[in-house]
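Asks: Shown below is the structure under consideration.
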Amino acid sequence: MDLLSIDSLGDAEIADILDRAEMYFTGNRGRRGTERLHGRIVFNVFYENSTRTAMSFATAAHRLGASAISLSVERSSVAKGETLEDTARTLNAMRPDALVIRHRENGAPAAVAMIMDAPVINAGDGTNEHPTQALLDAATIRRRLGRIEGLKIAICGDIRHSRVARSNALLLPRLGAEVRLAGPPELMPDGVPPISIDEAIAGADVVMMLRVQRERLEDELGDAPGEYLARYGLTSQRLATASPEAVVMHPGPMNRGVEIEDRIADDPERSLITLQVEMGVAVRMACLELLIGS
Ligand code: NCD
């Protein structure tokens with residue numbers, strides 16, 4: 001079994017991952033590891049930059065007693081022109097127990113999964129999906145608000161380029177939430193009914209902000225300093241229109257002062273941003289155990 005997209009998971013598997021993650025979250029706070037995957041080897045292959053996802057997969061593997069080995073792609077034979085498929089055949093011949101891959105092209109993890117015998121986990125492919133991020137977001141919301149069913153969740157910013165938004169838009173409604181996607185018109189995907197940031201945030205229980213992915217933009221936004229925050233960012237004024245108990249999320253990395261005001265990002269009561277990171281380790285432990293342990 002691979003973990004390539006949200007739709008590749010059944011409802012029972014999603015419930016199982018969220019429940020196991022909750023258990024590991026509690027254990028991790030006491031630094032309690034297990035040896036459930038003792039002696040197993042997880043390959044981490046990141047063709048795009050990563051801090052949270054790469055480090056949390058490695059930490060998750062170690063907390064389960066497995067070893068994580070990372071390929072530094074920029075120093076690998078990829079730089080000598082080796083194709084993705086040949087790299088996959090090479091890695092497969094070493095018989096890892098799982099392979100975690102991030103790649104700038106949509107569908108690259110699926111192509112690698114055709115070659116690998118071991119389970120492949122998509123850690124983000126282009127603008128397509130980032131399923132473990134959506135799972136950790138769901139686990140974080142459930143931990144803090146006790147449920148997902150019936151919540152209004154605003155996801156705001158660069159929706160067009162966001163694999164996080166895409167995976168969340170597939171996952172959260174399956175768990176009973178209402179998802180509202182909003183962003184600048186030029187950063188909305190085709191076919192998504194446009195609503196304004198203000199409409200999305202009004203009355204929301206969760207406000208998830210996204211980074212403008214300038215590295216994926218074909219044309220510069222051409223916004224003046226401060227303009228994005230004023231027009232589309234999460235300011236205290238906008239947050240005041242959300243539900244009084246509303247929490248704030250961001251998958252990171254943040255562009256402070258662009259999509260989110262500093263003091264909201266650092267608000268110890270409402271910001272779940274570091275809780276998301278902590279939950280990320282637990283969710284990735286749950287995913288590795290589900291895929292390798294079975
Ligand atoms: C995101 C990603 O890489 O898709 N980050 C993450 O994994 N937490 C979002 C982004 O790059 O803005």
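Identifiers in the structure tokens: chain A, B, ... in order shown; residue index from 1 per chain; ligand index from 1 in order shown.
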Taking only C-alpha atoms and all ligand atoms into account, list the residues no farther than 7 Å from ligand 1, as a PyMOL selection string.

Replies: chain A and resi 50+52-53+124+130+133+162-164+210-213+251-253

Asks: Taking N, CA and C atoms for each residue, export the selection above as a PDB file, in the first residue's frame.

Replies:
```pdb
ATOM      1  N   SER A  50      12.660  21.454   2.252  1.00  0.00           N
ATOM      2  CA  SER A  50      11.747  21.093   3.330  1.00  0.00           C
ATOM      3  C   SER A  50      12.457  21.219   4.666  1.00  0.00           C
ATOM      4  N   ARG A  52      10.080  21.160   7.942  1.00  0.00           N
ATOM      5  CA  ARG A  52       9.121  20.417   8.766  1.00  0.00           C
ATOM      6  C   ARG A  52       8.917  18.985   8.296  1.00  0.00           C
ATOM      7  N   THR A  53       8.577  18.846   7.011  1.00  0.00           N
ATOM      8  CA  THR A  53       8.174  17.517   6.536  1.00  0.00           C
ATOM      9  C   THR A  53       9.348  16.545   6.601  1.00  0.00           C
ATOM     10  N   GLY A 124       4.514  15.613  -0.812  1.00  0.00           N
ATOM     11  CA  GLY A 124       4.245  16.843  -1.552  1.00  0.00           C
ATOM     12  C   GLY A 124       4.724  16.720  -2.978  1.00  0.00           C
ATOM     13  N   HIS A 130      -0.482  16.761  -0.770  1.00  0.00           N
ATOM     14  CA  HIS A 130       0.424  16.648   0.369  1.00  0.00           C
ATOM     15  C   HIS A 130      -0.399  15.966   1.474  1.00  0.00           C
ATOM     16  N   GLN A 133       0.256  16.192   5.316  1.00  0.00           N
ATOM     17  CA  GLN A 133       0.007  17.520   5.886  1.00  0.00           C
ATOM     18  C   GLN A 133      -1.476  17.665   6.228  1.00  0.00           C
ATOM     19  N   SER A 162      -1.308  25.463  -4.010  1.00  0.00           N
ATOM     20  CA  SER A 162      -1.164  24.782  -2.726  1.00  0.00           C
ATOM     21  C   SER A 162      -1.630  23.332  -2.735  1.00  0.00           C
ATOM     22  N   ARG A 163      -0.668  22.431  -2.644  1.00  0.00           N
ATOM     23  CA  ARG A 163      -1.001  21.002  -2.475  1.00  0.00           C
ATOM     24  C   ARG A 163      -1.601  20.766  -1.095  1.00  0.00           C
ATOM     25  N   VAL A 164      -1.272  21.646  -0.136  1.00  0.00           N
ATOM     26  CA  VAL A 164      -1.849  21.525   1.211  1.00  0.00           C
ATOM     27  C   VAL A 164      -3.357  21.815   1.138  1.00  0.00           C
ATOM     28  N   LEU A 210      -2.157  30.427   3.967  1.00  0.00           N
ATOM     29  CA  LEU A 210      -1.159  29.786   3.103  1.00  0.00           C
ATOM     30  C   LEU A 210      -0.167  30.810   2.585  1.00  0.00           C
ATOM     31  N   ARG A 211       1.034  30.326   2.356  1.00  0.00           N
ATOM     32  CA  ARG A 211       2.114  31.152   1.816  1.00  0.00           C
ATOM     33  C   ARG A 211       1.880  31.422   0.328  1.00  0.00           C
ATOM     34  N   VAL A 212       2.219  32.627  -0.126  1.00  0.00           N
ATOM     35  CA  VAL A 212       2.239  32.890  -1.565  1.00  0.00           C
ATOM     36  C   VAL A 212       3.482  32.184  -2.115  1.00  0.00           C
ATOM     37  N   GLN A 213       3.289  31.231  -3.009  1.00  0.00           N
ATOM     38  CA  GLN A 213       4.401  30.414  -3.503  1.00  0.00           C
ATOM     39  C   GLN A 213       5.029  31.108  -4.716  1.00  0.00           C
ATOM     40  N   PRO A 251       0.577  25.925   7.438  1.00  0.00           N
ATOM     41  CA  PRO A 251       1.443  24.741   7.293  1.00  0.00           C
ATOM     42  C   PRO A 251       2.923  25.091   7.371  1.00  0.00           C
ATOM     43  N   GLY A 252       3.261  26.377   7.274  1.00  0.00           N
ATOM     44  CA  GLY A 252       4.656  26.787   7.223  1.00  0.00           C
ATOM     45  C   GLY A 252       5.240  26.446   5.855  1.00  0.00           C
ATOM     46  N   PRO A 253       6.309  27.079   5.452  1.00  0.00           N
ATOM     47  CA  PRO A 253       6.940  28.212   6.111  1.00  0.00           C
ATOM     48  C   PRO A 253       6.098  29.488   5.951  1.00  0.00           C
TER      49      PRO A 253
END
```

Asks: Using only C-alpha atoms, which protein or nucleic acid residues come within 12 Å of A:Asp16? Drop anything in the same chain fewer than 5 positions from it, and give the result as a PyMOL selection string.

Replies: chain A and resi 9-11+21-23+135+139+283+286-287+289-291

Asks: Could you turn the residues from that selection into a file that holds all heavy atoms, as a CSV table (one decimal), in the first residue's frame?

Replies:
```csv
chain,number,residue,atom,x,y,z
A,9,LEU,N,-6.9,6.7,0.5
A,9,LEU,CA,-7.2,6.2,1.9
A,9,LEU,C,-8.7,6.0,2.1
A,9,LEU,O,-9.5,6.8,1.7
A,9,LEU,CB,-6.8,7.2,2.9
A,9,LEU,CG,-5.3,7.5,3.1
A,9,LEU,CD1,-5.0,8.7,3.9
A,9,LEU,CD2,-4.5,6.3,3.7
A,10,GLY,N,-9.0,4.8,2.7
A,10,GLY,CA,-10.4,4.6,3.0
A,10,GLY,C,-10.8,5.3,4.3
A,10,GLY,O,-9.9,5.7,5.0
A,11,ASP,N,-12.1,5.4,4.6
A,11,ASP,CA,-12.5,6.1,5.8
A,11,ASP,C,-11.9,5.4,7.1
A,11,ASP,O,-11.5,6.1,8.0
A,11,ASP,CB,-14.0,6.1,5.9
A,11,ASP,CG,-14.6,7.0,4.9
A,11,ASP,OD1,-13.9,7.9,4.3
A,11,ASP,OD2,-15.8,6.9,4.6
A,21,ALA,N,-2.3,8.6,15.8
A,21,ALA,CA,-1.5,9.9,16.0
A,21,ALA,C,-1.8,10.5,17.3
A,21,ALA,O,-0.9,10.9,18.0
A,21,ALA,CB,-1.9,10.8,14.9
A,22,GLU,N,-3.0,10.4,17.8
A,22,GLU,CA,-3.4,11.0,19.1
A,22,GLU,C,-2.6,10.2,20.2
A,22,GLU,O,-2.1,10.8,21.1
A,22,GLU,CB,-4.9,10.9,19.3
A,22,GLU,CG,-5.4,11.5,20.5
A,22,GLU,CD,-5.1,12.9,20.7
A,22,GLU,OE1,-5.1,13.7,19.8
A,22,GLU,OE2,-4.9,13.3,21.9
A,23,MET,N,-2.5,8.9,20.0
A,23,MET,CA,-1.8,8.1,21.0
A,23,MET,C,-0.3,8.5,21.0
A,23,MET,O,0.3,8.7,22.0
A,23,MET,CB,-2.0,6.6,20.7
A,23,MET,CG,-1.3,5.7,21.5
A,23,MET,SD,-1.4,4.0,20.8
A,23,MET,CE,-0.1,4.0,19.6
A,135,LEU,N,-3.6,15.3,6.9
A,135,LEU,CA,-3.8,14.4,8.0
A,135,LEU,C,-3.4,15.1,9.3
A,135,LEU,O,-4.1,15.0,10.4
A,135,LEU,CB,-3.2,13.0,7.8
A,135,LEU,CG,-3.8,12.2,6.8
A,135,LEU,CD1,-2.8,11.1,6.3
A,135,LEU,CD2,-5.1,11.6,7.2
A,139,ALA,N,-5.7,16.1,12.5
A,139,ALA,CA,-5.4,15.7,13.9
A,139,ALA,C,-5.2,16.8,14.8
A,139,ALA,O,-5.6,16.8,16.0
A,139,ALA,CB,-4.1,14.8,13.9
A,283,VAL,N,1.6,12.1,13.5
A,283,VAL,CA,0.8,11.6,12.3
A,283,VAL,C,1.8,10.8,11.4
A,283,VAL,O,1.4,9.7,10.8
A,283,VAL,CB,0.2,12.8,11.6
A,283,VAL,CG1,-0.2,12.4,10.1
A,283,VAL,CG2,-1.0,13.3,12.3
A,286,ALA,N,2.2,7.4,12.8
A,286,ALA,CA,1.0,6.6,12.5
A,286,ALA,C,1.0,6.1,11.0
A,286,ALA,O,0.7,4.9,10.8
A,286,ALA,CB,-0.3,7.4,12.7
A,287,CYS,N,1.4,7.0,10.1
A,287,CYS,CA,1.4,6.6,8.7
A,287,CYS,C,2.5,5.5,8.4
A,287,CYS,O,2.3,4.5,7.7
A,287,CYS,CB,1.7,7.8,7.8
A,287,CYS,SG,0.3,9.0,7.8
A,289,GLU,N,3.8,3.4,10.5
A,289,GLU,CA,3.4,2.1,11.1
A,289,GLU,C,2.3,1.4,10.3
A,289,GLU,O,2.3,0.2,10.1
A,289,GLU,CB,2.9,2.4,12.6
A,289,GLU,CG,2.8,1.1,13.4
A,289,GLU,CD,2.0,1.2,14.6
A,289,GLU,OE1,1.7,2.4,15.1
A,289,GLU,OE2,1.7,0.2,15.2
A,290,LEU,N,1.3,2.2,9.9
A,290,LEU,CA,0.3,1.6,9.0
A,290,LEU,C,0.8,1.0,7.8
A,290,LEU,O,0.5,-0.1,7.4
A,290,LEU,CB,-0.8,2.7,8.7
A,290,LEU,CG,-1.9,2.2,7.8
A,290,LEU,CD1,-2.9,1.4,8.5
A,290,LEU,CD2,-2.7,3.4,7.2
A,291,LEU,N,1.7,1.7,7.1
A,291,LEU,CA,2.2,1.2,5.8
A,291,LEU,C,3.3,0.1,6.0
A,291,LEU,O,3.3,-0.9,5.2
A,291,LEU,CB,2.8,2.4,5.0
A,291,LEU,CG,1.8,3.4,4.6
A,291,LEU,CD1,2.6,4.6,3.9
A,291,LEU,CD2,0.8,2.9,3.7
```

Asks: Find the spatial neighbours of stretch 72-79 of chain A, counting only C-alpha atoms, within a cut-off of 8 Å - ignore same-chain residues fewer than 6 positions away - and output them as a list in words.

Replies: Val45, Phe46, Tyr47 and Thr87 of chain A

Asks: Taking all heavy atoms for each residue, export the selection above as a CSV table (one decimal), in the first residue's frame.

Replies:
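Heads up, here's the output in out_28.csv:
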```csv
chain,number,residue,atom,x,y,z
A,45,VAL,N,13.6,11.1,0.3
A,45,VAL,CA,14.2,11.6,-0.9
A,45,VAL,C,13.4,12.9,-1.3
A,45,VAL,O,12.3,12.9,-1.7
A,45,VAL,CB,14.0,10.6,-2.1
A,45,VAL,CG1,14.7,11.1,-3.3
A,45,VAL,CG2,14.6,9.3,-1.6
A,46,PHE,N,14.0,14.1,-1.0
A,46,PHE,CA,13.4,15.4,-1.2
A,46,PHE,C,14.0,16.1,-2.3
A,46,PHE,O,15.2,16.6,-2.2
A,46,PHE,CB,13.4,16.1,0.1
A,46,PHE,CG,12.4,15.7,1.1
A,46,PHE,CD1,12.4,14.4,1.7
A,46,PHE,CD2,11.3,16.5,1.5
A,46,PHE,CE1,11.4,14.0,2.6
A,46,PHE,CE2,10.3,16.1,2.4
A,46,PHE,CZ,10.4,14.8,2.9
A,47,TYR,N,13.3,16.3,-3.4
A,47,TYR,CA,13.8,17.1,-4.6
A,47,TYR,C,13.4,18.5,-4.4
A,47,TYR,O,13.7,19.3,-5.3
A,47,TYR,CB,13.1,16.6,-5.8
A,47,TYR,CG,13.7,15.2,-6.4
A,47,TYR,CD1,13.2,14.0,-5.8
A,47,TYR,CD2,14.5,15.2,-7.4
A,47,TYR,CE1,13.7,12.8,-6.2
A,47,TYR,CE2,15.0,14.0,-7.9
A,47,TYR,CZ,14.6,12.8,-7.3
A,47,TYR,OH,15.1,11.6,-7.8
A,87,THR,N,16.7,6.5,-10.8
A,87,THR,CA,17.0,6.7,-9.4
A,87,THR,C,16.1,5.8,-8.6
A,87,THR,O,16.6,5.1,-7.6
A,87,THR,CB,16.7,8.2,-9.0
A,87,THR,OG1,17.6,9.0,-9.8
A,87,THR,CG2,17.0,8.4,-7.5
```

Asks: From a DSSP calculation on the backbone, collect every residue of stretch 43-279 of chain A in strand (DSSP E or B) and output the set as number ranges by chain.

Replies: A: 43-46, 67-71, 98-103, 120-125, 129, 152-156, 178-182, 206-209, 234, 247-249, 256, 260, 271

Asks: Would you mind telling me which residue in A:Leu3, A:Val192, A:Val258, A:Ala93 lies nearest to A:Ile159 when using only C-alpha atoms?

Replies: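 Checking each candidate against A:Ile159, we get A:Val192 as the closest.
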
Asks: Take atom CA of A:Leu275 and atom CA of A:Asn28 and report the distance between them in Å, one decimal.

Replies: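 Between atom CA of A:Leu275 and atom CA of A:Asn28 the gap is 12.4 Å.
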
Asks: What is the distance, in Å and to one decimal place, between atom CA of A:Ala61 and atom CA of A:Ala108?

Replies: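 Going from atom CA of A:Ala61 over to atom CA of A:Ala108, I get 22.5 Å.
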
Asks: Neighbouring residues of stretch 218-228 of chain A were defined as those with any atom within 10 Å, considering only C-alpha atoms; residues of the same chain fewer than 6 positions away were excluded. Please report them as a PDB file with C-alpha atoms, in the first residue's frame.

Replies:
```pdb
ATOM      1  CA  GLY A 157      -4.174  32.557   0.265  1.00  0.00           C
ATOM      2  CA  PRO A 184      -6.588  36.705  -4.626  1.00  0.00           C
ATOM      3  CA  GLU A 186      -4.987  35.347  -9.715  1.00  0.00           C
ATOM      4  CA  LEU A 187      -4.142  32.734  -7.068  1.00  0.00           C
ATOM      5  CA  VAL A 212       2.239  32.890  -1.565  1.00  0.00           C
ATOM      6  CA  LEU A 234      -4.875  37.632   8.306  1.00  0.00           C
ATOM      7  CA  GLY A 257       3.721  40.308   7.555  1.00  0.00           C
ATOM      8  CA  VAL A 258       2.539  39.035   4.176  1.00  0.00           C
ATOM      9  CA  GLU A 259      -0.219  36.434   4.642  1.00  0.00           C
ATOM     10  CA  ILE A 260      -0.271  36.686   8.441  1.00  0.00           C
TER      11      ILE A 260
END
```

Asks: If we count only C-alpha atoms, what is near A:Leu181 at a cut-off of 10 Å, once residues fewer than 2 positions away on the same chain are taken out, given as a short mmCIF file (atom, residue, chain, number, x, y, z; two decimals) with N, CA and C atoms, in the first residue's frame?

Replies:
```cif
data_model
loop_
_atom_site.label_atom_id
_atom_site.label_comp_id
_atom_site.auth_asym_id
_atom_site.auth_seq_id
_atom_site.Cartn_x
_atom_site.Cartn_y
_atom_site.Cartn_z
N ILE A 153 -14.21 25.82 8.15
CA ILE A 153 -12.76 25.96 8.05
C ILE A 153 -12.42 26.81 6.82
N ALA A 154 -11.84 27.99 7.06
CA ALA A 154 -11.44 28.88 5.95
C ALA A 154 -9.98 28.59 5.61
N ILE A 155 -9.72 28.31 4.34
CA ILE A 155 -8.34 28.12 3.88
C ILE A 155 -8.07 29.27 2.90
N CYS A 156 -7.10 30.12 3.24
CA CYS A 156 -6.97 31.40 2.53
C CYS A 156 -5.56 31.64 2.01
N GLY A 157 -5.47 32.16 0.82
CA GLY A 157 -4.17 32.56 0.26
C GLY A 157 -3.97 32.00 -1.13
N ASP A 158 -2.78 31.49 -1.35
CA ASP A 158 -2.41 30.99 -2.68
C ASP A 158 -2.95 29.57 -2.88
N ILE A 159 -4.25 29.50 -3.16
CA ILE A 159 -4.90 28.19 -3.30
C ILE A 159 -4.39 27.50 -4.58
N ALA A 165 -3.73 22.88 0.42
CA ALA A 165 -5.14 23.22 0.28
C ALA A 165 -5.90 22.10 -0.43
N ARG A 166 -5.27 21.55 -1.46
CA ARG A 166 -5.92 20.49 -2.24
C ARG A 166 -6.19 19.26 -1.38
N ALA A 169 -8.85 20.08 1.14
CA ALA A 169 -10.19 20.21 0.54
C ALA A 169 -10.78 18.83 0.25
N GLU A 178 -17.08 22.03 6.82
CA GLU A 178 -17.36 22.88 5.65
C GLU A 178 -16.07 23.63 5.34
N VAL A 179 -15.51 23.44 4.14
CA VAL A 179 -14.26 24.10 3.79
C VAL A 179 -14.56 25.27 2.85
N GLY A 183 -8.92 33.40 -1.95
CA GLY A 183 -7.61 33.98 -2.20
C GLY A 183 -7.70 35.07 -3.25
N MET A 188 -6.37 31.80 -7.44
CA MET A 188 -7.42 30.80 -7.26
C MET A 188 -7.38 29.82 -8.44
N PRO A 189 -7.58 28.54 -8.18
CA PRO A 189 -7.60 27.58 -9.29
C PRO A 189 -8.86 27.75 -10.13
N VAL A 192 -13.08 26.90 -9.11
CA VAL A 192 -13.47 27.04 -7.71
C VAL A 192 -14.26 28.35 -7.59
N PRO A 193 -15.50 28.31 -7.11
CA PRO A 193 -16.30 29.53 -7.02
C PRO A 193 -15.61 30.57 -6.14
N PRO A 194 -15.36 31.78 -6.66
CA PRO A 194 -14.60 32.76 -5.87
C PRO A 194 -15.43 33.37 -4.76
N ILE A 195 -14.91 33.31 -3.54
CA ILE A 195 -15.49 34.10 -2.46
C ILE A 195 -14.36 34.96 -1.90
N SER A 196 -14.72 36.06 -1.25
CA SER A 196 -13.66 36.95 -0.75
C SER A 196 -13.08 36.37 0.54
N ILE A 197 -11.88 36.84 0.88
CA ILE A 197 -11.24 36.44 2.13
C ILE A 197 -12.17 36.78 3.31
N GLU A 199 -15.45 37.02 3.38
CA GLU A 199 -16.57 36.07 3.46
C GLU A 199 -16.12 34.74 4.05
N ALA A 200 -14.92 34.31 3.65
CA ALA A 200 -14.43 33.01 4.13
C ALA A 200 -14.17 33.03 5.63
N ILE A 201 -13.63 34.13 6.13
CA ILE A 201 -13.24 34.19 7.54
C ILE A 201 -14.43 34.45 8.47
N MET A 208 -7.05 28.90 8.25
CA MET A 208 -5.74 28.37 7.83
C MET A 208 -5.19 29.27 6.73
#
```

Asks: Using only C-alpha atoms, which of A:Thr241, A:Ser56, A:Ser167, A:Ser271 sits nearest A:Met209?

Replies: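 Using only C-alpha atoms, A:Met209 sits closest to A:Ser271.
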
Asks: When you look at A:Ala58 with a cut-off of 8 Å (counting only C-alpha atoms), what residues show up, excluding the ones that are within fewer than 3 positions of it in the same chain? I need them as a list in words.

Replies: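 Listed by chain and then number, they are Asn44, Ala54, Met55, Ala61, His62, Ser67, Ala68 and Ile69 of chain A.
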